[in-house]
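Student: Contents of run_25.txt (compact mmCIF, C-alpha atoms) are below:
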```
# COMPACT_ATOMS: atom_id res chain seq x y z
CA VAL A 1 0.00 0.00 0.00
CA GLY A 2 1.18 3.50 -0.74
CA ALA A 3 2.58 6.09 1.65
CA VAL A 4 1.50 9.64 2.39
CA VAL A 5 4.47 11.73 1.33
CA LEU A 6 5.31 15.37 1.83
CA ASP A 7 7.71 16.25 -0.99
CA VAL A 8 9.14 19.75 -0.76
CA SER A 9 12.15 21.80 -1.84
CA VAL A 10 13.59 24.04 0.87
CA SER A 11 16.38 26.60 0.97
CA LEU A 12 19.36 26.30 3.29
CA ASP A 13 17.64 28.84 5.55
CA GLY A 14 14.46 26.77 5.68
CA PHE A 15 12.06 28.46 3.28
CA ALA A 16 9.68 26.62 0.93
CA THR A 17 8.75 29.89 -0.79
CA GLY A 18 10.60 33.20 -1.07
CA PRO A 19 9.61 36.54 0.46
CA ASP A 20 6.54 38.51 -0.66
CA ALA A 21 4.52 35.82 -2.49
CA ARG A 22 1.82 37.60 -4.50
CA PRO A 23 -0.29 37.22 -7.64
CA GLY A 24 2.10 36.75 -10.54
CA VAL A 25 4.93 35.81 -8.16
CA PRO A 26 3.30 32.82 -6.40
CA LEU A 27 6.59 31.42 -5.06
CA GLY A 28 7.82 34.78 -3.75
CA ASP A 29 10.99 36.59 -4.70
CA GLY A 30 13.61 34.05 -5.75
CA GLY A 31 11.30 31.14 -4.92
CA VAL A 32 11.53 29.64 -8.42
CA ARG A 33 15.20 28.93 -7.72
CA LEU A 34 14.02 26.21 -5.30
CA HIS A 35 12.61 24.21 -8.21
CA GLU A 36 15.21 24.74 -10.93
CA TRP A 37 16.83 21.38 -10.13
CA MET A 38 13.67 19.62 -11.35
CA PHE A 39 14.03 20.87 -14.90
CA ALA A 40 16.51 19.05 -17.10
CA ASP A 41 17.16 22.06 -19.29
CA SER A 42 17.99 24.46 -16.46
CA GLY A 43 21.50 23.45 -15.47
CA GLN A 44 23.99 23.13 -18.28
CA ARG A 45 26.88 23.15 -15.88
CA ALA A 46 25.21 20.73 -13.49
CA ARG A 47 24.43 18.41 -16.40
CA ARG A 48 28.05 18.36 -17.49
CA GLU A 49 28.94 17.28 -13.96
CA GLY A 50 26.43 14.44 -14.07
CA ALA A 51 24.19 16.06 -11.49
CA ALA A 52 21.15 16.14 -13.74
CA ASP A 53 21.17 12.34 -13.85
CA ILE A 54 20.58 12.15 -10.10
CA ASP A 55 18.10 15.02 -10.07
CA GLN A 56 16.19 13.69 -13.05
CA ALA A 57 16.04 10.22 -11.49
CA VAL A 58 14.49 11.78 -8.39
CA VAL A 59 11.88 13.56 -10.51
CA ALA A 60 11.17 10.43 -12.56
CA GLU A 61 10.65 8.40 -9.40
CA LEU A 62 8.32 11.08 -8.05
CA PHE A 63 6.15 10.85 -11.16
CA ALA A 64 6.25 7.03 -11.18
CA THR A 65 5.25 6.62 -7.53
CA THR A 66 2.59 9.32 -7.18
CA GLY A 67 -1.01 8.08 -7.46
CA ALA A 68 -2.90 11.08 -6.12
CA VAL A 69 -2.24 14.61 -4.84
CA VAL A 70 -3.72 16.57 -1.94
CA MET A 71 -3.43 20.34 -1.98
CA GLY A 72 -4.99 23.48 -0.53
CA ARG A 73 -7.21 25.96 -2.29
CA ARG A 74 -4.48 28.58 -2.53
CA MET A 75 -2.10 26.17 -4.24
CA PHE A 76 -4.91 25.23 -6.62
CA ASP A 77 -5.60 28.86 -7.50
CA LEU A 78 -1.92 29.58 -8.09
CA GLY A 79 -1.16 26.27 -9.70
CA VAL A 80 -3.84 25.93 -12.34
CA ALA A 81 -2.56 29.02 -14.08
CA GLU A 82 1.03 27.81 -13.72
CA TRP A 83 0.58 24.18 -14.70
CA GLY A 84 -2.38 24.42 -17.08
CA GLY A 85 -3.83 21.37 -15.31
CA THR A 86 -2.97 19.02 -12.47
CA PRO A 87 0.70 19.08 -11.39
CA PHE A 88 0.93 15.31 -11.94
CA PRO A 89 -1.16 13.17 -14.31
CA VAL A 90 -3.24 11.83 -11.42
CA PRO A 91 -6.39 12.84 -9.51
CA CYS A 92 -5.95 15.92 -7.31
CA PHE A 93 -7.91 16.48 -4.12
CA VAL A 94 -8.33 20.11 -3.12
CA VAL A 95 -9.13 21.13 0.47
CA THR A 96 -11.35 24.21 0.28
CA HIS A 97 -14.04 26.13 2.16
CA HIS A 98 -16.13 26.53 -0.98
CA GLY A 99 -17.33 23.37 -2.71
CA ARG A 100 -17.50 23.21 -6.47
CA GLU A 101 -17.89 20.75 -9.32
CA ASP A 102 -14.99 18.56 -10.37
CA LEU A 103 -12.63 20.30 -12.77
CA VAL A 104 -11.48 18.01 -15.59
CA THR A 105 -8.21 18.97 -17.30
CA ASP A 106 -6.10 17.33 -19.98
CA ASN A 107 -3.77 16.11 -17.24
CA GLY A 108 -6.18 14.88 -14.58
CA THR A 109 -9.24 15.82 -12.54
CA PHE A 110 -9.46 18.19 -9.55
CA HIS A 111 -11.91 17.12 -6.83
CA PHE A 112 -12.97 19.62 -4.14
CA PHE A 113 -13.65 18.79 -0.50
CA THR A 114 -15.02 21.05 2.21
CA ASP A 115 -14.76 18.66 5.17
CA GLY A 116 -11.08 19.06 5.97
CA ALA A 117 -7.64 17.78 5.07
CA ALA A 118 -8.00 14.35 6.69
CA SER A 119 -11.14 13.64 4.70
CA ALA A 120 -9.56 14.75 1.42
CA LEU A 121 -6.58 12.56 2.28
CA ALA A 122 -8.80 9.51 2.81
CA ARG A 123 -10.30 9.99 -0.65
CA ALA A 124 -6.85 10.49 -2.15
CA ARG A 125 -5.57 7.27 -0.56
CA ALA A 126 -8.44 5.33 -2.07
CA ALA A 127 -7.69 6.84 -5.48
CA ALA A 128 -3.94 6.23 -5.23
CA GLY A 129 -4.22 2.49 -4.61
CA ASP A 130 -0.72 1.07 -4.23
CA LYS A 131 0.91 4.35 -5.15
CA ASN A 132 1.75 7.29 -2.89
CA VAL A 133 -0.36 10.27 -2.00
CA LEU A 134 1.64 13.45 -2.45
CA VAL A 135 0.88 16.33 -0.09
CA HIS A 136 1.48 19.42 -2.15
CA SER A 137 0.69 22.43 0.10
CA PRO A 138 2.83 23.30 3.14
CA ASN A 139 -0.17 24.41 5.19
CA ILE A 140 -2.09 21.20 4.42
CA ALA A 141 1.09 19.27 5.16
CA ARG A 142 1.35 20.88 8.60
CA GLN A 143 -2.27 19.92 9.42
CA LEU A 144 -1.65 16.32 8.37
CA LEU A 145 1.71 16.14 10.19
CA ARG A 146 0.08 17.32 13.42
CA ALA A 147 -2.63 14.68 12.93
CA GLY A 148 0.01 11.97 12.50
CA LEU A 149 -1.13 11.26 8.93
CA VAL A 150 2.13 11.82 7.03
CA ASP A 151 4.38 8.75 6.57
CA GLU A 152 7.42 10.28 4.88
CA ILE A 153 9.02 13.63 4.21
CA HIS A 154 11.15 14.01 1.09
CA LEU A 155 13.23 17.15 1.47
CA HIS A 156 15.20 18.61 -1.40
CA LEU A 157 17.71 20.90 0.29
CA VAL A 158 18.73 23.60 -2.16
CA PRO A 159 21.90 25.49 -1.16
CA ILE A 160 20.54 29.00 -1.51
CA LEU A 161 19.47 31.58 1.07
CA LEU A 162 16.10 33.25 0.47
CA GLY A 163 16.18 35.41 3.60
CA GLY A 164 12.41 35.26 4.10
CA GLY A 165 9.19 33.62 2.90
CA GLY A 166 7.13 30.63 3.97
CA ARG A 167 8.74 28.14 6.31
CA LEU A 168 7.97 24.45 6.07
CA PHE A 169 8.24 24.05 9.85
CA ASP A 170 7.05 26.94 11.96
CA GLY A 171 6.31 26.98 15.65
CA THR A 172 6.40 24.30 18.28
CA GLU A 173 3.29 22.25 17.63
CA MET A 174 5.20 19.52 15.79
CA ALA A 175 8.12 19.25 18.22
CA GLY A 176 6.90 15.79 19.29
CA LEU A 177 7.42 14.21 15.89
CA ARG A 178 10.38 11.94 15.30
CA PHE A 179 12.12 11.75 11.92
CA GLU A 180 14.09 8.68 10.92
CA PRO A 181 16.51 9.16 8.03
CA VAL A 182 15.85 6.51 5.41
CA ALA A 183 17.82 7.62 2.37
CA LEU A 184 19.82 10.42 0.91
CA LYS A 185 21.26 11.33 -2.45
CA GLN A 186 23.34 14.30 -3.41
CA SER A 187 23.62 15.80 -6.84
CA ALA A 188 26.04 18.62 -7.63
CA ARG A 189 23.20 20.96 -6.74
CA VAL A 190 20.75 19.45 -4.26
CA ALA A 191 20.72 17.09 -1.26
CA HIS A 192 17.71 14.77 -1.50
CA LEU A 193 16.83 13.64 2.03
CA ARG A 194 14.10 11.22 3.07
CA TYR A 195 12.68 10.77 6.55
CA ARG A 196 10.07 8.43 7.94
CA VAL A 197 7.80 10.33 10.34
CA ARG A 198 6.98 8.77 13.70
CA PRO A 199 5.23 10.05 16.77
CA GLY A 200 8.09 10.90 19.15
CA PRO A 201 8.34 10.45 22.91
CA SER A 202 6.52 13.67 23.71
CA ALA A 203 3.72 12.97 21.23
CA GLU A 204 3.24 9.50 22.71
CA GLY A 205 3.21 11.01 26.18
CA ALA A 206 0.47 13.41 25.12
CA ASP A 207 -1.85 10.67 23.89
CA VAL B 1 46.94 26.06 3.56
CA GLY B 2 43.98 25.60 5.86
CA ALA B 3 40.40 26.69 5.33
CA VAL B 4 38.10 28.82 7.46
CA VAL B 5 35.28 26.46 8.40
CA LEU B 6 31.94 27.05 10.02
CA ASP B 7 30.99 23.72 11.60
CA VAL B 8 27.51 23.66 13.10
CA SER B 9 24.72 21.25 14.02
CA VAL B 10 21.23 22.44 13.04
CA SER B 11 17.75 21.06 13.53
CA LEU B 12 15.44 20.25 10.65
CA ASP B 13 13.66 23.54 11.36
CA GLY B 14 16.93 25.48 11.14
CA PHE B 15 17.93 26.16 14.74
CA ALA B 16 21.51 25.98 16.06
CA THR B 17 20.25 26.38 19.65
CA GLY B 18 16.88 25.65 21.24
CA PRO B 19 14.40 28.17 22.68
CA ASP B 20 15.09 30.20 25.81
CA ALA B 21 18.89 29.89 26.11
CA ARG B 22 19.85 31.05 29.62
CA PRO B 23 22.51 30.53 32.30
CA GLY B 24 22.58 26.84 33.11
CA VAL B 25 20.81 26.02 29.82
CA PRO B 26 23.26 27.61 27.35
CA LEU B 27 21.95 25.68 24.35
CA GLY B 28 18.29 26.41 25.12
CA ASP B 29 15.52 23.90 25.69
CA GLY B 30 16.32 20.69 23.83
CA GLY B 31 19.45 22.19 22.31
CA VAL B 32 21.75 19.48 23.68
CA ARG B 33 19.95 17.03 21.37
CA LEU B 34 21.71 18.76 18.46
CA HIS B 35 25.07 17.49 19.71
CA GLU B 36 24.25 13.98 20.93
CA TRP B 37 25.52 12.48 17.67
CA MET B 38 29.05 13.64 18.57
CA PHE B 39 29.25 11.43 21.66
CA ALA B 40 30.02 7.78 21.08
CA ASP B 41 28.26 6.69 24.25
CA SER B 42 24.97 8.45 23.50
CA GLY B 43 23.42 6.22 20.87
CA GLN B 44 23.32 2.52 21.69
CA ARG B 45 20.76 1.90 19.01
CA ALA B 46 22.60 4.03 16.48
CA ARG B 47 25.83 2.22 17.29
CA ARG B 48 24.24 -1.15 16.67
CA GLU B 49 23.21 0.15 13.27
CA GLY B 50 26.76 1.22 12.46
CA ALA B 51 25.83 4.89 12.53
CA ALA B 52 28.34 5.75 15.23
CA ASP B 53 31.16 4.75 12.90
CA ILE B 54 30.21 7.48 10.45
CA ASP B 55 29.46 10.05 13.16
CA GLN B 56 32.65 9.25 15.07
CA ALA B 57 34.71 9.49 11.88
CA VAL B 58 33.26 12.97 11.32
CA VAL B 59 34.20 13.99 14.87
CA ALA B 60 37.68 12.47 14.56
CA GLU B 61 38.28 14.35 11.31
CA LEU B 62 37.10 17.58 12.94
CA PHE B 63 39.67 17.17 15.72
CA ALA B 64 42.43 16.15 13.31
CA THR B 65 41.93 19.08 10.93
CA THR B 66 41.30 21.92 13.39
CA GLY B 67 44.34 24.10 14.12
CA ALA B 68 42.69 27.08 15.81
CA VAL B 69 39.25 28.26 16.92
CA VAL B 70 37.54 31.65 16.70
CA MET B 71 34.61 32.33 19.02
CA GLY B 72 32.63 35.15 20.58
CA ARG B 73 32.71 36.30 24.17
CA ARG B 74 29.32 34.76 24.97
CA MET B 75 30.42 31.34 23.73
CA PHE B 76 33.58 31.71 25.81
CA ASP B 77 31.61 32.55 28.95
CA LEU B 78 29.24 29.62 28.44
CA GLY B 79 31.86 27.24 27.17
CA VAL B 80 34.62 27.48 29.75
CA ALA B 81 32.28 26.19 32.43
CA GLU B 82 31.01 23.48 30.08
CA TRP B 83 34.31 22.32 28.62
CA GLY B 84 36.68 23.06 31.49
CA GLY B 85 39.10 24.49 28.91
CA THR B 86 39.28 25.09 25.18
CA PRO B 87 36.76 23.05 23.12
CA PHE B 88 39.60 21.63 21.01
CA PRO B 89 43.24 21.18 22.06
CA VAL B 90 44.32 24.19 20.00
CA PRO B 91 44.63 27.96 20.52
CA CYS B 92 41.28 29.77 20.80
CA PHE B 93 40.80 33.37 19.69
CA VAL B 94 37.95 35.18 21.48
CA VAL B 95 36.31 38.28 19.94
CA THR B 96 35.35 40.54 22.85
CA HIS B 97 34.75 44.17 23.77
CA HIS B 98 36.80 43.84 26.95
CA GLY B 99 40.45 42.87 26.58
CA ARG B 100 42.09 40.61 29.12
CA GLU B 101 45.20 38.52 29.64
CA ASP B 102 45.58 35.15 27.91
CA LEU B 103 43.86 32.33 29.78
CA VAL B 104 45.96 29.16 29.81
CA THR B 105 44.05 25.90 30.37
CA ASP B 106 45.10 22.25 30.39
CA ASN B 107 43.66 21.97 26.89
CA GLY B 108 44.91 25.12 25.20
CA THR B 109 45.16 28.89 25.54
CA PHE B 110 42.43 31.51 25.06
CA HIS B 111 43.56 34.76 23.45
CA PHE B 112 41.31 37.85 23.58
CA PHE B 113 40.94 40.44 20.82
CA THR B 114 39.04 43.70 20.91
CA ASP B 115 39.55 44.79 17.29
CA GLY B 116 36.89 42.66 15.63
CA ALA B 117 36.22 39.24 14.15
CA ALA B 118 38.35 39.69 11.02
CA SER B 119 41.37 40.59 13.11
CA ALA B 120 40.90 37.63 15.45
CA LEU B 121 40.53 35.42 12.38
CA ALA B 122 43.82 36.67 10.93
CA ARG B 123 45.61 35.71 14.16
CA ALA B 124 43.86 32.34 14.19
CA ARG B 125 44.92 31.63 10.61
CA ALA B 126 48.53 32.31 11.49
CA ALA B 127 48.29 29.98 14.49
CA ALA B 128 46.52 27.21 12.53
CA GLY B 129 49.22 26.91 9.86
CA ASP B 130 48.17 24.22 7.40
CA LYS B 131 45.16 23.24 9.49
CA ASN B 132 41.68 24.75 9.48
CA VAL B 133 40.32 27.60 11.55
CA LEU B 134 37.02 26.60 13.10
CA VAL B 135 34.45 29.36 13.59
CA HIS B 136 32.58 28.38 16.71
CA SER B 137 29.98 31.10 17.36
CA PRO B 138 27.01 31.63 15.03
CA ASN B 139 27.10 35.42 15.46
CA ILE B 140 30.83 35.57 14.69
CA ALA B 141 30.18 33.21 11.77
CA ARG B 142 27.57 35.58 10.34
CA GLN B 143 29.98 38.52 10.53
CA LEU B 144 32.70 36.53 8.76
CA LEU B 145 30.27 35.16 6.14
CA ARG B 146 29.11 38.67 5.30
CA ALA B 147 32.75 39.73 4.98
CA GLY B 148 33.44 36.82 2.58
CA LEU B 149 35.95 35.28 4.98
CA VAL B 150 34.40 31.80 5.42
CA ASP B 151 35.58 29.10 2.99
CA GLU B 152 33.38 26.16 3.96
CA ILE B 153 30.25 25.38 5.93
CA HIS B 154 29.94 21.94 7.50
CA LEU B 155 26.30 21.41 8.44
CA HIS B 156 25.20 18.50 10.58
CA LEU B 157 21.47 18.27 9.92
CA VAL B 158 19.81 16.62 12.91
CA PRO B 159 16.26 15.38 12.23
CA ILE B 160 14.55 17.01 15.19
CA LEU B 161 12.29 20.05 15.45
CA LEU B 162 13.18 22.57 18.17
CA GLY B 163 10.35 25.00 17.39
CA GLY B 164 12.40 28.05 18.32
CA GLY B 165 15.85 29.28 19.32
CA GLY B 166 18.83 30.74 17.48
CA ARG B 167 18.90 30.43 13.72
CA LEU B 168 22.15 29.98 11.84
CA PHE B 169 20.88 32.04 8.91
CA ASP B 170 18.63 34.93 9.72
CA GLY B 171 17.63 37.81 7.52
CA THR B 172 18.58 38.77 4.02
CA GLU B 173 22.10 40.16 4.33
CA MET B 174 23.71 36.92 3.16
CA ALA B 175 21.37 36.23 0.24
CA GLY B 176 24.19 36.95 -2.22
CA LEU B 177 26.35 34.05 -1.09
CA ARG B 178 26.60 30.93 -3.22
CA PHE B 179 27.02 27.47 -1.68
CA GLU B 180 28.56 24.64 -3.67
CA PRO B 181 27.92 21.16 -2.28
CA VAL B 182 31.24 19.35 -1.92
CA ALA B 183 30.45 16.24 0.12
CA LEU B 184 27.81 14.53 2.14
CA LYS B 185 27.57 11.58 4.47
CA GLN B 186 24.56 10.16 6.20
CA SER B 187 24.59 8.16 9.39
CA ALA B 188 21.44 6.56 10.80
CA ARG B 189 20.98 9.82 12.69
CA VAL B 190 22.53 12.80 10.98
CA ALA B 191 23.18 14.13 7.47
CA HIS B 192 26.66 15.65 7.29
CA LEU B 193 26.67 18.25 4.50
CA ARG B 194 29.59 20.31 3.28
CA TYR B 195 29.43 23.44 1.15
CA ARG B 196 32.10 25.68 -0.30
CA VAL B 197 31.09 29.32 0.12
CA ARG B 198 31.43 31.66 -2.86
CA PRO B 199 30.34 35.19 -3.47
CA GLY B 200 27.19 34.81 -5.63
CA PRO B 201 26.01 36.82 -8.63
CA SER B 202 24.24 39.40 -6.47
CA ALA B 203 27.25 39.83 -4.17
CA GLU B 204 29.53 40.31 -7.18
CA GLY B 205 27.09 42.80 -8.59
CA ALA B 206 27.16 44.79 -5.36
CA ASP B 207 30.94 45.10 -5.28
```
Rewrite the coordinates I just gave you, this time as structure tokens.
Tutor:
Amino acid sequence: VGAVVLDVSVSLDGFATGPDARPGVPLGDGGVRLHEWMFADSGQRARREGAADIDQAVVAELFATTGAVVMGRRMFDLGVAEWGGTPFPVPCFVVTHHGREDLVTDNGTFHFFTDGAASALARARAAAGDKNVLVHSPNIARQLLRAGLVDEIHLHLVPILLGGGGRLFDGTEMAGLRFEPVALKQSARVAHLRYRVRPGPSAEGAD
Amino acid sequence: VGAVVLDVSVSLDGFATGPDARPGVPLGDGGVRLHEWMFADSGQRARREGAADIDQAVVAELFATTGAVVMGRRMFDLGVAEWGGTPFPVPCFVVTHHGREDLVTDNGTFHFFTDGAASALARARAAAGDKNVLVHSPNIARQLLRAGLVDEIHLHLVPILLGGGGRLFDGTEMAGLRFEPVALKQSARVAHLRYRVRPGPSAEGAD
């Protein structure tokens, strides 16, 4: 059975988006630099050094293992314009306050749920079958992490400093989680780190 | 010739110390967990898994390659009580506002400099010879990074969340630096990441 995976690129100073995210600049100032490693045509120098092979293998595995996506409404609003459809060719489950009809695109279908992240996740798991559910919005990811519903975090640590923006981890409410390193790969540009998420001692104590 | 190295353990949420650092709790709440990987006797389970071999090799290399240490006055005040001497058996150069006589310990000698971090670093480089100068205080490290005087950053990424404390990177003043990954090792507990520090495009543009 598949895992629930948070897959996110972060800067060396811990930001998943750059400062001042706004319409037209959805990832904030400099935020697109977090995702350049995903695009084969973006790093001539890195490709010469063989880095693109590792990075492209990571991207290919992400596409091959993802069976459904969960995201928030804000990501949907920003993303549809950006991607022209679903970010992966699989069903996408959008957590929103305002229900609407399914949106069918060339790439896949968006489904909208108004009863919370856990409920959207349950539907996504059913749709994903043996594949993984990818959690695609940091704020949805934080809700699911707090609820103990995320199995793995795949961090792509990009060696840049953004100096501000949206942090993946913010505040103390997740301090009880335990992260077990399960794998790591380094290209010439990015460290790809994987952790299994477990309730830690303090979280167990709180139950 | 040796390099100027910032060697620091950070949590997954980017903190080099935990929240509420205070006398008696110099690393803040939970901050000691950042350094447990350095002590061979702290991880029975990790040792069974062979992790301690990697972690202990990293520590051994740190001791073997360090020829001098630069630190701030606050680290000195906290550290002398903690270490009972210099943190490494090499000369230590303390950046302070209040000059004082050299302090000789069983481990090494502390020298005090009132004319700034760059000046203390120059003395440390001379003392280190072919070995590295270790920058041991995050605030001194930030000053030297901004001045372009740090050659490498060795990050030990510990998969815990501290939820607050002192950040290694804070603010935008270092956004122009470029970090080139040079090596990485993963134990069962910690990802050891090394970056060469270069002035980036924006820093070059500003000169």
Student: Could you check which of B:Leu149, B:Leu103, B:Ala183, B:Val1 is closest to Phe76 of chain B, using only C-alpha atoms?
Tutor: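 The shortest atom-to-atom distance to Phe76 of chain B comes from B:Leu103.
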Student: Provide the atom CA of Thr172 of chain A to atom CA of Ala3 of chain A distance in Å, to one decimal place.
Tutor: 25.0 Å
Student: Select, as a ChimeraX atom specification, those residues of chain B with any atom no more than 9 Å from chain A (distances computed using only C-alpha atoms).
Tutor: /B:12-14,159-164,167-191,193,195
Student: For atom CA of Gly148 of chain A and atom CA of Ser11 of chain A, determine how far apart the two atoms are, in Å to one decimal place.
Tutor: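 According to the coordinates, atom CA of Gly148 of chain A and atom CA of Ser11 of chain A are separated by 24.8 Å.
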Student: Would you mind listing what lies within 6 Å of segment 31-40 of chain A as a PyMOL selection string, with only C-alpha atoms counted and same-chain residues fewer than 6 positions away left out?
Tutor: chain A and resi 9+17-18
Student: Calculate how many Å separate atom CA of Lys131 of chain A from atom CA of Met75 of chain A, rounding to one decimal.
Tutor: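 A separation of 22.0 Å between them.
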Student: When distances are computed from all atoms listed in the file, which of A:Ala118, A:Leu134, A:Val69, A:Ala126 shows the smallest separation from Pro91 of chain A?
Tutor: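 The shortest atom-to-atom distance to Pro91 of chain A comes from A:Val69.
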Student: Would you list the contacts of His154 of chain A as a list in words, taking every protein, DNA or RNA residue within 7 Å and counting all atoms listed in the file, but skipping same-chain residues closer than 2 positions in sequence?
Tutor: Leu6, Asp7, Val8, Glu152, His156, Leu193, Arg194 and Tyr195 of chain A
Student: Could you add N, CA, C and O atoms to segment 142-157 of chain B and give me the result as a compact mmCIF listing (two decimals), keeping the file's coordinate frame?
Tutor:
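Final file, out.txt:
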```txt
# COMPACT_ATOMS: atom_id res chain seq x y z
N ARG B 142 28.33 34.70 11.24
CA ARG B 142 27.57 35.58 10.34
C ARG B 142 28.39 36.80 9.93
O ARG B 142 28.36 37.21 8.78
N GLN B 143 29.13 37.37 10.88
CA GLN B 143 29.98 38.52 10.53
C GLN B 143 31.02 38.13 9.48
O GLN B 143 31.26 38.86 8.52
N LEU B 144 31.64 36.96 9.68
CA LEU B 144 32.70 36.53 8.76
C LEU B 144 32.13 36.11 7.41
O LEU B 144 32.74 36.34 6.36
N LEU B 145 30.93 35.50 7.41
CA LEU B 145 30.27 35.16 6.14
C LEU B 145 29.98 36.41 5.34
O LEU B 145 30.25 36.47 4.13
N ARG B 146 29.42 37.42 5.99
CA ARG B 146 29.11 38.67 5.30
C ARG B 146 30.37 39.30 4.73
O ARG B 146 30.35 39.91 3.67
N ALA B 147 31.49 39.14 5.44
CA ALA B 147 32.75 39.73 4.98
C ALA B 147 33.46 38.85 3.94
O ALA B 147 34.53 39.20 3.47
N GLY B 148 32.84 37.71 3.58
CA GLY B 148 33.44 36.82 2.58
C GLY B 148 34.66 36.07 3.10
O GLY B 148 35.51 35.66 2.31
N LEU B 149 34.75 35.87 4.39
CA LEU B 149 35.95 35.28 4.98
C LEU B 149 35.77 33.83 5.41
O LEU B 149 36.67 33.25 6.01
N VAL B 150 34.62 33.21 5.09
CA VAL B 150 34.40 31.80 5.42
C VAL B 150 34.52 30.98 4.14
O VAL B 150 33.91 31.30 3.13
N ASP B 151 35.36 29.93 4.18
CA ASP B 151 35.58 29.10 2.99
C ASP B 151 34.60 27.95 2.87
O ASP B 151 34.20 27.57 1.78
N GLU B 152 34.25 27.35 4.00
CA GLU B 152 33.38 26.16 3.96
C GLU B 152 32.40 26.19 5.12
O GLU B 152 32.71 26.68 6.20
N ILE B 153 31.20 25.63 4.86
CA ILE B 153 30.25 25.38 5.93
C ILE B 153 30.05 23.87 6.04
O ILE B 153 29.77 23.21 5.03
N HIS B 154 30.25 23.35 7.23
CA HIS B 154 29.94 21.94 7.50
C HIS B 154 28.69 21.90 8.36
O HIS B 154 28.71 22.30 9.52
N LEU B 155 27.59 21.46 7.74
CA LEU B 155 26.30 21.41 8.44
C LEU B 155 26.03 19.97 8.86
O LEU B 155 26.12 19.06 8.05
N HIS B 156 25.66 19.80 10.11
CA HIS B 156 25.20 18.50 10.58
C HIS B 156 23.70 18.63 10.81
O HIS B 156 23.27 19.25 11.78
N LEU B 157 22.92 18.08 9.88
CA LEU B 157 21.47 18.27 9.92
C LEU B 157 20.84 17.17 10.77
O LEU B 157 20.82 15.99 10.39
```
